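Here's query-v8.txt, which has compact mmCIF, C-alpha atoms and all ligand atoms:
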# COMPACT_ATOMS: atom_id res chain seq x y z
CA SER A 229 43.17 -11.23 18.47
CA GLU A 230 44.40 -13.74 15.95
CA SER A 231 45.04 -17.43 15.72
CA ALA A 232 44.89 -20.02 12.99
CA THR A 233 41.37 -20.94 13.97
CA GLU A 234 39.90 -17.64 15.14
CA ILE A 235 40.17 -13.93 14.45
CA THR A 236 38.46 -10.90 15.96
CA TYR A 237 37.93 -7.47 14.43
CA THR A 238 36.05 -4.31 15.32
CA VAL A 239 34.57 -2.27 12.48
CA THR A 240 33.17 1.13 13.43
CA ALA A 241 31.27 3.33 10.99
CA GLN A 242 32.09 6.92 11.86
CA ALA A 243 32.08 10.47 10.54
CA GLY A 244 35.30 12.34 9.94
CA GLU A 245 37.16 14.86 7.84
CA THR A 246 39.49 14.03 4.99
CA ALA A 247 42.03 16.29 3.26
CA PHE A 248 41.64 15.34 -0.42
CA LEU A 249 42.41 18.81 -1.73
CA ASP A 250 44.23 21.90 -0.56
CA GLY A 251 42.11 24.17 1.62
CA GLU A 252 38.94 23.02 3.36
CA THR A 253 38.76 19.40 4.44
CA THR A 254 35.86 17.24 3.22
CA GLN A 255 33.19 15.81 5.55
CA THR A 256 33.37 12.07 4.99
CA LEU A 257 32.41 8.72 6.48
CA GLY A 258 34.75 5.83 7.08
CA TYR A 259 35.30 2.57 8.95
CA ASN A 260 37.76 2.93 11.85
CA GLY A 261 38.92 6.18 10.26
CA SER A 262 37.72 9.13 8.24
CA TYR A 263 37.50 7.55 4.75
CA LEU A 264 37.20 3.96 3.48
CA GLY A 265 38.31 1.32 5.98
CA PRO A 266 40.69 -1.41 7.01
CA VAL A 267 41.61 -4.60 5.17
CA LEU A 268 40.23 -7.52 7.16
CA VAL A 269 42.49 -10.51 6.51
CA VAL A 270 40.84 -13.88 7.14
CA ARG A 271 41.66 -17.51 6.30
CA GLU A 272 39.58 -20.33 4.92
CA GLY A 273 38.37 -22.38 7.87
CA GLN A 274 38.84 -19.55 10.36
CA GLU A 275 36.09 -18.43 12.73
CA VAL A 276 35.65 -14.71 12.25
CA HIS A 277 34.16 -12.45 14.92
CA ILE A 278 33.46 -8.88 13.91
CA LYS A 279 32.01 -6.39 16.33
CA THR A 280 30.30 -3.82 14.15
CA GLU A 281 29.48 -0.47 15.63
CA ASN A 282 27.48 2.45 14.24
CA GLN A 283 28.70 5.87 15.35
CA LEU A 284 26.84 7.64 12.55
CA ALA A 285 23.82 9.87 13.07
CA GLU A 286 21.66 7.50 11.01
CA ALA A 287 21.13 3.77 10.57
CA THR A 288 23.58 1.77 8.51
CA SER A 289 24.34 -1.89 7.94
CA PHE A 290 27.54 -3.87 7.43
CA HIS A 291 27.38 -6.00 4.30
CA TRP A 292 30.16 -8.47 3.44
CA HIS A 293 30.12 -8.46 -0.35
CA GLY A 294 31.16 -11.82 -1.80
CA VAL A 295 31.28 -13.66 1.51
CA LYS A 296 29.47 -17.00 1.68
CA LEU A 297 27.78 -16.71 5.05
CA PRO A 298 24.36 -17.29 6.62
CA SER A 299 21.98 -14.52 5.64
CA ASP A 300 21.42 -13.29 9.19
CA MET A 301 25.12 -12.29 9.23
CA ASP A 302 25.18 -10.76 5.77
CA GLY A 303 24.21 -7.21 6.71
CA GLY A 304 21.58 -6.68 4.05
CA PRO A 305 18.62 -4.32 4.46
CA HIS A 306 17.05 -6.70 7.02
CA HIS A 307 19.86 -6.02 9.47
CA PRO A 308 20.23 -2.29 10.05
CA VAL A 309 22.27 -1.04 12.98
CA SER A 310 20.84 2.06 14.66
CA PRO A 311 23.03 4.98 15.74
CA ASN A 312 25.18 4.12 18.79
CA GLU A 313 24.28 0.44 18.49
CA THR A 314 26.52 -2.52 17.87
CA MET A 315 25.92 -5.83 16.14
CA GLN A 316 28.02 -8.95 16.49
CA VAL A 317 28.87 -10.78 13.27
CA ASP A 318 30.22 -14.33 13.51
CA PHE A 319 30.92 -16.71 10.68
CA THR A 320 33.34 -19.37 9.52
CA VAL A 321 35.21 -18.70 6.29
CA LYS A 322 34.00 -21.34 3.84
CA GLN A 323 35.57 -20.12 0.66
CA GLU A 324 38.88 -19.85 -1.12
CA ALA A 325 41.38 -17.01 -1.33
CA ALA A 326 39.85 -13.88 -2.86
CA THR A 327 39.61 -10.12 -2.64
CA LEU A 328 36.18 -9.25 -1.25
CA TRP A 329 34.86 -6.03 0.18
CA PHE A 330 32.33 -4.62 2.61
CA HIS A 331 30.01 -1.65 2.52
CA PRO A 332 26.69 -0.40 3.94
CA HIS A 333 23.38 -1.77 2.67
CA ALA A 334 20.62 -0.09 4.69
CA LEU A 335 17.34 0.39 2.87
CA GLY A 336 17.43 3.41 0.58
CA THR A 337 20.69 4.91 1.89
CA THR A 338 23.34 2.63 0.41
CA ALA A 339 24.34 4.94 -2.44
CA LYS A 340 24.91 8.06 -0.38
CA GLN A 341 26.70 6.24 2.45
CA VAL A 342 29.10 4.51 0.08
CA TYR A 343 29.65 7.80 -1.74
CA ALA A 344 30.51 9.47 1.57
CA GLY A 345 33.27 6.91 2.08
CA LEU A 346 32.00 3.69 3.63
CA ALA A 347 33.83 0.78 2.04
CA GLY A 348 36.51 -1.62 3.23
CA LEU A 349 38.25 -4.76 2.04
CA ILE A 350 38.39 -8.41 3.01
CA PHE A 351 41.31 -10.56 1.87
CA VAL A 352 40.64 -14.27 2.16
CA GLU A 353 43.78 -16.43 2.28
CA ASP A 354 44.09 -20.18 2.03
CA ASP A 355 46.70 -22.94 1.52
CA ASN A 356 46.70 -22.30 -2.23
CA SER A 357 47.36 -18.58 -1.86
CA ASP A 358 50.14 -19.40 0.65
CA GLN A 359 51.79 -21.72 -1.84
CA LEU A 360 51.44 -19.70 -5.01
CA ASP A 361 54.58 -17.74 -5.78
CA LEU A 362 52.84 -14.41 -6.35
CA PRO A 363 53.62 -10.88 -5.16
CA LYS A 364 52.08 -10.69 -1.68
CA ASP A 365 53.90 -7.96 0.24
CA TYR A 366 51.15 -5.51 1.08
CA GLY A 367 52.07 -1.98 0.02
CA VAL A 368 55.33 -3.19 -1.55
CA ASN A 369 54.32 -5.29 -4.54
CA ASP A 370 50.68 -6.05 -3.67
CA PHE A 371 48.30 -3.07 -3.72
CA PRO A 372 44.55 -2.98 -3.32
CA LEU A 373 43.06 -0.17 -5.44
CA ILE A 374 39.56 0.97 -4.53
CA VAL A 375 38.62 3.09 -7.53
CA GLN A 376 35.86 5.68 -7.14
CA ASP A 377 34.66 8.90 -8.72
CA ARG A 378 33.50 11.94 -6.77
CA THR A 379 32.49 15.54 -7.41
CA PHE A 380 33.66 18.29 -5.06
CA ASP A 381 31.73 21.54 -4.64
CA ALA A 382 33.32 24.99 -4.25
CA ASP A 383 33.87 24.34 -0.53
CA ASN A 384 35.65 21.03 -1.19
CA GLN A 385 32.62 19.03 -0.01
CA PHE A 386 31.33 15.95 -1.82
CA ASP A 387 28.46 17.18 -3.97
CA TYR A 388 26.28 14.06 -3.85
CA GLU A 389 22.97 15.91 -3.71
CA GLY A 390 23.93 18.36 -6.43
CA THR A 391 25.08 15.67 -8.84
CA TYR A 392 22.56 12.96 -7.87
CA ASN A 393 21.32 10.93 -10.79
CA PRO A 394 18.70 8.19 -10.29
CA ASP A 395 20.52 6.14 -12.94
CA GLY A 396 23.77 6.39 -11.02
CA THR A 397 25.71 9.32 -9.63
CA TYR A 398 28.98 9.99 -11.43
CA GLY A 399 31.87 12.17 -10.33
CA ASP A 400 34.42 14.19 -12.28
CA THR A 401 37.34 13.37 -9.99
CA LEU A 402 38.98 9.95 -9.70
CA LEU A 403 39.91 8.77 -6.22
CA VAL A 404 42.03 5.68 -5.66
CA ASN A 405 42.08 4.55 -2.04
CA GLY A 406 40.86 8.07 -1.30
CA THR A 407 43.79 9.71 -3.13
CA ILE A 408 43.76 12.05 -6.11
CA ASN A 409 46.60 11.48 -8.63
CA PRO A 410 48.06 8.52 -6.73
CA TYR A 411 51.45 6.96 -7.35
CA VAL A 412 53.42 4.18 -5.73
CA ALA A 413 57.17 3.62 -5.59
CA VAL A 414 58.03 0.10 -6.67
CA LYS A 415 60.87 -2.13 -7.82
CA ASN A 416 61.01 -3.31 -11.44
CA GLU A 417 59.34 -6.61 -10.56
CA LEU A 418 55.91 -8.26 -10.76
CA ILE A 419 53.34 -5.97 -9.19
CA ARG A 420 49.92 -7.22 -8.09
CA LEU A 421 47.03 -4.78 -8.26
CA ARG A 422 43.75 -5.79 -6.66
CA LEU A 423 41.27 -3.63 -8.56
CA VAL A 424 37.96 -2.91 -6.86
CA ASN A 425 35.28 -0.90 -8.62
CA GLY A 426 33.93 0.92 -5.58
CA SER A 427 32.06 3.53 -7.59
CA ASN A 428 28.33 4.01 -7.35
CA ALA A 429 27.78 3.72 -11.08
CA ARG A 430 30.87 4.25 -13.25
CA ASN A 431 32.33 1.42 -15.31
CA TYR A 432 36.10 1.35 -15.74
CA THR A 433 38.15 -0.16 -18.51
CA PHE A 434 41.58 -0.55 -17.00
CA GLY A 435 44.67 -0.86 -19.16
CA LEU A 436 48.33 0.08 -19.14
CA GLU A 437 49.69 3.00 -21.11
CA ASN A 438 50.79 2.07 -24.63
CA ALA A 439 48.39 -0.90 -24.43
CA ALA A 440 51.05 -2.96 -22.66
CA THR A 441 49.83 -6.40 -21.66
CA PHE A 442 49.15 -7.55 -18.12
CA HIS A 443 47.87 -10.78 -16.61
CA GLN A 444 44.59 -11.18 -14.77
CA ILE A 445 44.99 -13.76 -12.01
CA ALA A 446 41.73 -13.48 -10.05
CA SER A 447 38.10 -12.50 -10.52
CA ASP A 448 35.58 -11.61 -7.79
CA GLY A 449 35.63 -14.87 -5.86
CA GLY A 450 39.12 -16.30 -6.32
CA PHE A 451 41.99 -17.15 -8.62
CA LEU A 452 41.39 -17.99 -12.25
CA GLU A 453 42.65 -21.39 -13.41
CA GLN A 454 45.52 -19.76 -15.30
CA PRO A 455 46.73 -16.20 -15.70
CA VAL A 456 44.90 -14.54 -18.60
CA THR A 457 46.91 -12.12 -20.72
CA LEU A 458 44.98 -8.95 -21.53
CA THR A 459 45.39 -5.36 -22.62
CA SER A 460 42.26 -4.20 -20.81
CA VAL A 461 39.74 -5.35 -18.24
CA THR A 462 36.35 -3.75 -17.70
CA LEU A 463 34.88 -3.67 -14.20
CA THR A 464 31.35 -2.55 -13.45
CA PRO A 465 30.44 -1.41 -9.92
CA GLY A 466 31.07 -4.09 -7.33
CA GLU A 467 33.35 -6.22 -9.53
CA ARG A 468 37.00 -6.98 -8.71
CA ALA A 469 39.98 -8.21 -10.68
CA GLU A 470 43.49 -8.97 -9.54
CA ILE A 471 46.09 -8.22 -12.16
CA ILE A 472 49.85 -8.67 -12.40
CA VAL A 473 51.93 -5.99 -14.11
CA ASP A 474 55.40 -7.10 -15.15
CA LEU A 475 57.87 -4.24 -14.68
CA SER A 476 61.01 -6.32 -15.31
CA ALA A 477 61.72 -4.54 -18.62
CA TYR A 478 61.69 -1.12 -16.91
CA SER A 479 64.54 0.71 -15.22
CA GLU A 480 64.90 2.96 -12.24
CA GLY A 481 63.42 6.39 -12.95
CA GLU A 482 60.79 5.07 -15.38
CA THR A 483 57.03 5.13 -14.83
CA LEU A 484 54.22 2.95 -16.12
CA LYS A 485 50.69 4.22 -15.77
CA LEU A 486 47.50 2.29 -15.15
CA MET A 487 44.80 4.01 -17.16
CA ASP A 488 41.03 4.14 -17.53
CA GLY A 489 40.78 5.29 -21.13
CA ASN A 490 42.66 8.58 -21.16
CA ALA A 491 42.56 9.09 -17.41
CA THR A 492 45.47 8.03 -15.25
CA VAL A 493 44.40 5.75 -12.40
CA LEU A 494 47.80 5.08 -10.82
CA SER A 495 51.45 5.77 -11.62
CA LEU A 496 53.87 2.95 -10.93
CA ASN A 497 57.16 4.78 -10.34
CA ILE A 498 60.19 2.48 -10.49
CA THR A 499 62.56 3.71 -7.82
CA GLU A 500 64.74 0.64 -7.40
CA GLU A 501 65.98 -2.20 -9.58
CA THR A 502 66.13 -5.82 -8.55
CA ASP A 503 67.66 -8.91 -10.13
CA VAL A 504 65.30 -11.26 -8.31
CA GLN A 505 62.56 -11.79 -10.86
CA LYS A 506 59.59 -14.07 -10.34
CA THR A 507 57.73 -15.79 -13.13
CA LEU A 508 54.00 -16.19 -12.88
CA PRO A 509 52.78 -19.68 -11.95
CA ALA A 510 51.23 -21.42 -14.97
CA THR A 511 48.38 -22.81 -12.89
CA LEU A 512 46.64 -20.83 -10.19
CA ASN A 513 43.53 -22.72 -9.26
CA ASP A 514 41.34 -25.72 -9.90
CA ILE A 515 37.83 -24.62 -10.79
CA PRO A 516 35.28 -27.39 -11.25
CA GLU A 517 33.06 -27.44 -14.31
CA PRO A 518 29.56 -26.38 -13.24
CA THR A 519 27.18 -29.34 -13.06
CA THR A 520 24.07 -28.02 -14.74
CA GLU A 521 22.64 -31.18 -16.22
CA GLY A 522 18.93 -31.27 -15.49
CA ALA A 523 19.20 -27.98 -13.62
CA ALA A 524 16.13 -25.78 -13.44
CA VAL A 525 16.30 -22.47 -15.32
CA LYS A 526 14.94 -19.30 -13.72
CA GLN A 527 14.51 -16.03 -15.54
CA PHE A 528 15.37 -12.63 -14.18
CA THR A 529 14.60 -9.64 -16.38
CA LEU A 530 16.16 -6.30 -15.58
CA SER A 531 14.19 -3.41 -16.96
CA GLY A 532 13.21 0.23 -16.58
CA MET A 533 15.29 3.29 -15.94
CA SER A 534 15.62 5.84 -13.18
CA PHE A 535 12.99 5.47 -10.42
CA MET A 536 11.20 2.78 -12.46
CA VAL A 537 14.01 0.19 -12.44
CA ASN A 538 12.78 -3.29 -11.58
CA ILE A 539 13.48 -7.02 -11.69
CA ASN A 540 10.76 -9.16 -13.29
CA GLY A 541 8.43 -6.17 -13.11
CA ASN A 542 8.74 -5.76 -9.36
CA GLN A 543 10.52 -3.25 -7.19
CA PHE A 544 12.07 -4.29 -3.90
CA ASP A 545 9.71 -5.23 -1.12
CA MET A 546 11.24 -6.44 2.10
CA ASN A 547 8.11 -8.49 2.82
CA ARG A 548 8.05 -10.37 -0.48
CA ILE A 549 10.18 -13.42 -1.33
CA ASP A 550 10.80 -13.28 -5.06
CA SER A 551 12.50 -16.60 -5.64
CA GLU A 552 13.16 -19.85 -3.83
CA GLN A 553 16.02 -22.24 -4.14
CA ARG A 554 17.15 -25.35 -2.28
CA LEU A 555 20.42 -25.46 -0.39
CA ASN A 556 23.23 -26.93 -2.55
CA GLU A 557 20.95 -27.14 -5.59
CA THR A 558 22.40 -25.69 -8.81
CA VAL A 559 19.96 -23.49 -10.68
CA ILE A 560 20.64 -21.70 -13.94
CA TRP A 561 19.86 -18.04 -13.48
CA GLU A 562 19.10 -16.54 -16.86
CA VAL A 563 19.51 -12.79 -16.44
CA HIS A 564 18.20 -10.64 -19.24
CA ASN A 565 18.74 -6.91 -19.64
CA ALA A 566 15.61 -5.73 -21.45
CA GLN A 567 16.08 -2.85 -23.81
CA ASP A 568 13.06 -0.62 -23.80
CA MET A 569 12.05 2.71 -25.26
CA MET A 570 13.07 4.52 -22.10
CA GLY A 571 16.69 3.61 -22.79
CA SER A 572 18.99 1.03 -21.34
CA MET A 573 22.26 0.67 -19.54
CA VAL A 574 24.69 -1.97 -18.35
CA HIS A 575 23.41 -3.42 -15.09
CA PRO A 576 25.99 -5.09 -12.81
CA PHE A 577 23.98 -8.02 -11.41
CA HIS A 578 25.07 -9.11 -7.91
CA ILE A 579 23.90 -11.98 -5.70
CA HIS A 580 24.58 -12.13 -1.97
CA GLY A 581 25.97 -15.12 -0.11
CA VAL A 582 27.28 -17.01 -3.12
CA GLN A 583 30.01 -17.20 -5.76
CA PHE A 584 28.58 -18.27 -9.12
CA GLN A 585 29.92 -19.24 -12.53
CA VAL A 586 29.10 -17.49 -15.79
CA LEU A 587 27.90 -20.12 -18.28
CA SER A 588 27.29 -17.94 -21.30
CA ARG A 589 26.72 -14.48 -22.70
CA ASP A 590 24.04 -14.57 -25.38
CA GLY A 591 24.72 -18.28 -25.80
CA VAL A 592 28.46 -17.86 -26.21
CA GLU A 593 31.07 -19.04 -23.71
CA PRO A 594 32.26 -16.07 -21.62
CA PRO A 595 35.82 -14.73 -22.01
CA GLN A 596 38.52 -16.60 -20.08
CA ASN A 597 38.75 -13.97 -17.36
CA GLU A 598 35.05 -14.57 -16.59
CA GLN A 599 35.49 -18.31 -16.21
CA GLY A 600 36.32 -18.06 -12.52
CA TRP A 601 34.16 -17.40 -9.45
CA LYS A 602 32.02 -14.29 -9.67
CA ASP A 603 29.52 -12.54 -7.41
CA THR A 604 28.78 -9.60 -9.73
CA VAL A 605 28.43 -9.77 -13.50
CA ALA A 606 27.87 -7.06 -16.08
CA VAL A 607 24.71 -7.58 -18.13
CA TYR A 608 24.80 -5.40 -21.24
CA PRO A 609 21.72 -3.87 -22.91
CA GLY A 610 19.73 -6.56 -24.69
CA GLU A 611 22.01 -9.30 -23.42
CA THR A 612 21.12 -12.58 -21.70
CA VAL A 613 23.71 -13.96 -19.28
CA ARG A 614 23.40 -17.47 -17.87
CA LEU A 615 24.79 -18.17 -14.41
CA ALA A 616 25.23 -21.42 -12.47
CA VAL A 617 24.14 -20.53 -8.94
CA THR A 618 24.55 -22.90 -5.98
CA PHE A 619 23.96 -21.60 -2.46
CA SER A 620 25.82 -23.30 0.38
CA GLU A 621 24.24 -21.19 3.11
CA LYS A 622 20.61 -20.90 4.19
CA GLY A 623 18.52 -17.80 4.52
CA VAL A 624 17.13 -14.91 2.53
CA PHE A 625 19.67 -13.33 0.18
CA MET A 626 19.46 -10.16 -1.89
CA TYR A 627 20.14 -9.97 -5.58
CA HIS A 628 20.29 -6.59 -7.23
CA CYS A 629 21.83 -4.17 -9.64
CA HIS A 630 25.09 -2.83 -8.17
CA ILE A 631 24.55 0.64 -9.58
CA LEU A 632 23.84 1.80 -6.06
CA GLU A 633 21.13 4.28 -7.05
CA HIS A 634 19.35 1.48 -8.95
CA GLU A 635 19.60 -0.72 -5.87
CA ASP A 636 18.18 2.04 -3.67
CA ASN A 637 15.45 2.70 -6.26
CA GLY A 638 14.22 -0.87 -6.00
CA MET A 639 16.18 -2.90 -8.56
CA MET A 640 16.61 -5.53 -5.87
CA ALA A 641 14.85 -8.73 -4.91
CA GLN A 642 15.29 -11.65 -2.55
CA VAL A 643 15.80 -15.37 -2.84
CA SER A 644 14.98 -17.70 0.02
CA VAL A 645 17.39 -20.62 0.31
CA GLN A 646 16.15 -23.56 2.42
CU1 LIG A 701 28.01 -5.00 -2.76
CU2 LIG A 701 24.16 -6.08 -2.04
O1 LIG A 701 26.06 -5.49 -2.36
CU CU A 702 26.80 -8.09 -1.74
CU CU A 703 21.12 -1.00 -12.93
Could you render the structure as structure tokens?
Ligand code: C2O
Ligand code: CU
Ligand code: CU
Amino acid sequence: SESATEITYTVTAQAGETAFLDGETTQTLGYNGSYLGPVLVVREGQEVHIKTENQLAEATSFHWHGVKLPSDMDGGPHHPVSPNETMQVDFTVKQEAATLWFHPHALGTTAKQVYAGLAGLIFVEDDNSDQLDLPKDYGVNDFPLIVQDRTFDADNQFDYEGTYNPDGTYGDTLLVNGTINPYVAVKNELIRLRLVNGSNARNYTFGLENAATFHQIASDGGFLEQPVTLTSVTLTPGERAEIIVDLSAYSEGETLKLMDGNATVLSLNITEETDVQKTLPATLNDIPEPTTEGAAVKQFTLSGMSFMVNINGNQFDMNRIDSEQRLNETVIWEVHNAQDMMGSMVHPFHIHGVQFQVLSRDGVEPPQNEQGWKDTVAVYPGETVRLAVTFSEKGVFMYHCHILEHEDNGMMAQVSVQ
């Protein structure tokens, strides 16, 4: 049911079979279907009621990544749903237009459940997104792209066990919205791509063929102040970016490819020409400067590799509160990726229940496309990233590396907000 003030959804985690390749189908998991899940469209101010249901043979949870909501609704490891059980999730949307997502988060099984196919999207709309003259026809000029990598075995099954890596399981086959070699038929107009890195561990550097420029209009938690012109955007696991590709210079029969390095992510096939051309709005959003004067600074050090990954020397313990913060208080989170002799990698650092601002990377102002709302930020080896973090909801929230194997291996901690 749907109204301006209230909306109801049912999200069921279930097992199914998906035909990715010719021959045998693949055993997969999905929400309300065999692979991935629906787009839940909600509005700022709306009361959202989601009946979650677990039809899997094992426990799962339903985590709303990027949603500002009370922690007892957030579906972290404290809120597993047993097989054949349901859990009611109710919250009011208290944030601006953004592309968010949802996925399982049960203790120790997040990586394999996401790999098997559990992930869906949440589009938040608001008055600003209504007013902005942007492409917004779903499947016509506005496409979400959940980008993932998978390995298939000889029987066409996902080979998670066989390719498991405690530092992140990578695949040799790119899937976009569950499709291999995807293409879309479009007009030669502005096309909006909502990029979601839904991989367990792989980083993507998206660009157009021939290094054509595009415009990033949104980061994880909402629109940027202005479109940012780029030739590439890197997303680590969990991060999102909305980009606009201008096809007005192309003609019917031509194709422009979205790439990750040398790999094709998506072909934009122009099958129709139009003379109605939009221009991008010059201003997209009003993002307040973070107020950090006199703010406390807290340090979070990411270190270790493989099964030894940790935050501030500790591995996740459900019964330990690692940090405390007051409601509506702004604290500077100084997140450091320690290089050690065991090696080092980029850790995508994610905090539940909040959208934060990136203050600096190694003391330097972040690039323009990181000056909007974020819930996940890449922290490179040896780097220190400063974040302005203000919680507007109470409870106990997770923060963790979004390489899902690192999360499962304990690179996760909890902050109590009171
Ligand atoms: Cu996208 Cu704690 O997760
Ligand atoms: Cu999350
Ligand atoms: Cu990590």
Once 4 Å is added on each side, what are the centre and the three edge lengths, in Å to one decimal, of the axis-aligned box enclosing the listed atoms of region 506-524 of chain A? Present them as AutoDock Vina command-line options.
--center_x 37.9 --center_y -22.7 --center_z -12.7 --size_x 51.5 --size_y 25.2 --size_z 15.0
Counting only C-alpha atoms and all ligand atoms, name the residues that have an atom within 6 Å of an atom of ligand CU 703 (chain A); the answer should be given as a PyMOL selection string. chain A and resi 575+629+631+634
The selected residues should be written to file as an mmCIF file, in the coordinates of the input (atoms: C-alpha atoms).
data_model
loop_
_atom_site.group_PDB
_atom_site.id
_atom_site.type_symbol
_atom_site.label_atom_id
_atom_site.label_comp_id
_atom_site.auth_asym_id
_atom_site.auth_seq_id
_atom_site.Cartn_x
_atom_site.Cartn_y
_atom_site.Cartn_z
ATOM 1 C CA HIS A 575 23.410 -3.420 -15.090
ATOM 2 C CA CYS A 629 21.830 -4.170 -9.640
ATOM 3 C CA ILE A 631 24.550 0.640 -9.580
ATOM 4 C CA HIS A 634 19.350 1.480 -8.950
#
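Comparing the minimum interatomic distances between Asp395 (chain A) and each of A:Gln283, A:Asn565, A:Asn637, A:Gln255, counting all atoms listed in the file, we find that A:Asn637 sits nearest.
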For chain A versus ligand LIG 701 (chain A), which residues have an atom no more than 7 Å away, and what is each residue's nearest atom pair and distance in Å rounded to one decimal, using all atoms listed in the file, chain-then-number order, as CSV?
residue,atom,partner,partner_atom,distance
A:His291,CA,A:LIG701,O1,6.8
A:His293,CA,A:LIG701,CU1,4.7
A:Gly304,CA,A:LIG701,CU2,6.6
A:Phe330,CA,A:LIG701,CU1,6.9
A:His331,CA,A:LIG701,CU1,6.6
A:His333,CA,A:LIG701,CU2,6.4
A:Gly466,CA,A:LIG701,CU1,5.6
A:His578,CA,A:LIG701,CU2,6.7
A:Ile579,CA,A:LIG701,CU2,6.9
A:His580,CA,A:LIG701,CU2,6.1
A:Met626,CA,A:LIG701,CU2,6.2
A:Tyr627,CA,A:LIG701,CU2,6.6
A:His628,CA,A:LIG701,CU2,6.5
A:His630,CA,A:LIG701,O1,6.5
Once you count all atoms listed in the file, what closest atom pair and distance in Å to one decimal does each residue of region 470-558 of chain A within 7 Å of region 421-425 of chain A have, with rows by chain and rising residue number, as a tab-separated table?
residue	atom	partner	partner_atom	distance
A:Glu470	CA	A:Arg422	CA	4.3
A:Ile471	CA	A:Leu421	CA	5.3
A:Ile472	CA	A:Leu421	CA	6.3
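Ranking A:Tyr259, A:Tyr478, A:Phe319, A:Trp329 by their shortest atom-to-atom distance to ligand CU 702 (chain A), with only C-alpha atoms and all ligand atoms included, puts A:Trp329 first.
Using all atoms listed in the file for every distance, the candidate list A:Val270, A:Val574, A:Leu346, A:Val617 yields A:Leu346 as the residue closest to Ala241 (chain A).
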Can you list, as a tab-separated table (two decimals) with C-alpha atoms, in the frame of the given file, every protein, DNA or RNA residue that comes within 12 Å of Tyr392 (chain A) when you count only C-alpha atoms, leaving out same-chain residues fewer than 2 positions away?
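That gives us selection_23.tsv:
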chain	number	residue	atom	x	y	z
A	339	ALA	CA	24.34	4.94	-2.44
A	340	LYS	CA	24.91	8.06	-0.38
A	343	TYR	CA	29.65	7.80	-1.74
A	378	ARG	CA	33.50	11.94	-6.77
A	379	THR	CA	32.49	15.54	-7.41
A	386	PHE	CA	31.33	15.95	-1.82
A	387	ASP	CA	28.46	17.18	-3.97
A	388	TYR	CA	26.28	14.06	-3.85
A	389	GLU	CA	22.97	15.91	-3.71
A	390	GLY	CA	23.93	18.36	-6.43
A	394	PRO	CA	18.70	8.19	-10.29
A	395	ASP	CA	20.52	6.14	-12.94
A	396	GLY	CA	23.77	6.39	-11.02
A	397	THR	CA	25.71	9.32	-9.63
A	398	TYR	CA	28.98	9.99	-11.43
A	399	GLY	CA	31.87	12.17	-10.33
A	428	ASN	CA	28.33	4.01	-7.35
A	429	ALA	CA	27.78	3.72	-11.08
A	534	SER	CA	15.62	5.84	-13.18
A	632	LEU	CA	23.84	1.80	-6.06
A	633	GLU	CA	21.13	4.28	-7.05
A	634	HIS	CA	19.35	1.48	-8.95
Residues within 9 Å of region 285-289 of chain A, please, as number ranges by chain. Count all atoms listed in the file; anything in the same chain fewer than 3 positions from it doesn't count. A: 241-243, 280, 282, 303-312, 331-335, 337-338, 341
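Using only C-alpha atoms for every distance, the candidate list A:Asn431, A:Thr612, A:Gln583, A:Gln596 yields A:Thr612 as the residue closest to Glu562 (chain A).
Each of A:Leu373, A:Leu284, A:Leu402, A:Leu328 was compared to ligand CU 702 (chain A) using all atoms listed in the file, and A:Leu328 turns out to be the nearest.
Each of A:Glu453, A:Glu467, A:Glu557, A:Glu521 was checked against ligand CU 702 (chain A) using only C-alpha atoms and all ligand atoms; the smallest atom-to-atom distance is that of A:Glu467.
Between CA of Phe434 (chain A) and CA of Glu480 (chain A) there is a distance of 24.1 Å.
Between CA of Arg430 (chain A) and CA of Asp377 (chain A) the interatomic distance comes to 7.5 Å.
Note that the spacing between CA of Thr507 (chain A) and CA of Pro455 (chain A) amounts to 11.3 Å.
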Tell me which protein, DNA and RNA residues are within 9 Å of Thr558 (chain A), counting all atoms listed in the file, leaving out same-chain ones fewer than 3 positions away, and put them as a PyMOL selection string. chain A and resi 518-520+523-524+553-555+616-619
Residues near Thr236 (chain A), cut-off 12 Å, only C-alpha atoms, skip fewer than 5 positions along chain, as a compact mmCIF listing (two decimals) with C-alpha atoms, keeping the file's coordinate frame:
# COMPACT_ATOMS: atom_id res chain seq x y z
CA SER A 229 43.17 -11.23 18.47
CA GLU A 230 44.40 -13.74 15.95
CA SER A 231 45.04 -17.43 15.72
CA LEU A 268 40.23 -7.52 7.16
CA VAL A 269 42.49 -10.51 6.51
CA VAL A 270 40.84 -13.88 7.14
CA GLN A 274 38.84 -19.55 10.36
CA GLU A 275 36.09 -18.43 12.73
CA VAL A 276 35.65 -14.71 12.25
CA HIS A 277 34.16 -12.45 14.92
CA ILE A 278 33.46 -8.88 13.91
CA LYS A 279 32.01 -6.39 16.33
CA THR A 280 30.30 -3.82 14.15
CA GLN A 316 28.02 -8.95 16.49
CA VAL A 317 28.87 -10.78 13.27
CA ASP A 318 30.22 -14.33 13.51
CA PHE A 319 30.92 -16.71 10.68
CA THR A 320 33.34 -19.37 9.52
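For Thr529 (chain A), the set of protein, DNA and RNA residues having any atom at most 8 Å away, when counting all atoms listed in the file and skipping those fewer than 2 positions along the same chain, is Gln527, Ser531, Ile539, Asn540, Gly541, Val563, His564, Asn565 and Ala566 of chain A.
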Need the neighbours of (42.0, 2.3, -5.2): which residues are at most 6 Å away, counting all atoms listed in the file, as a VMD selection string? chain A and resid 373 to 375 404 to 405
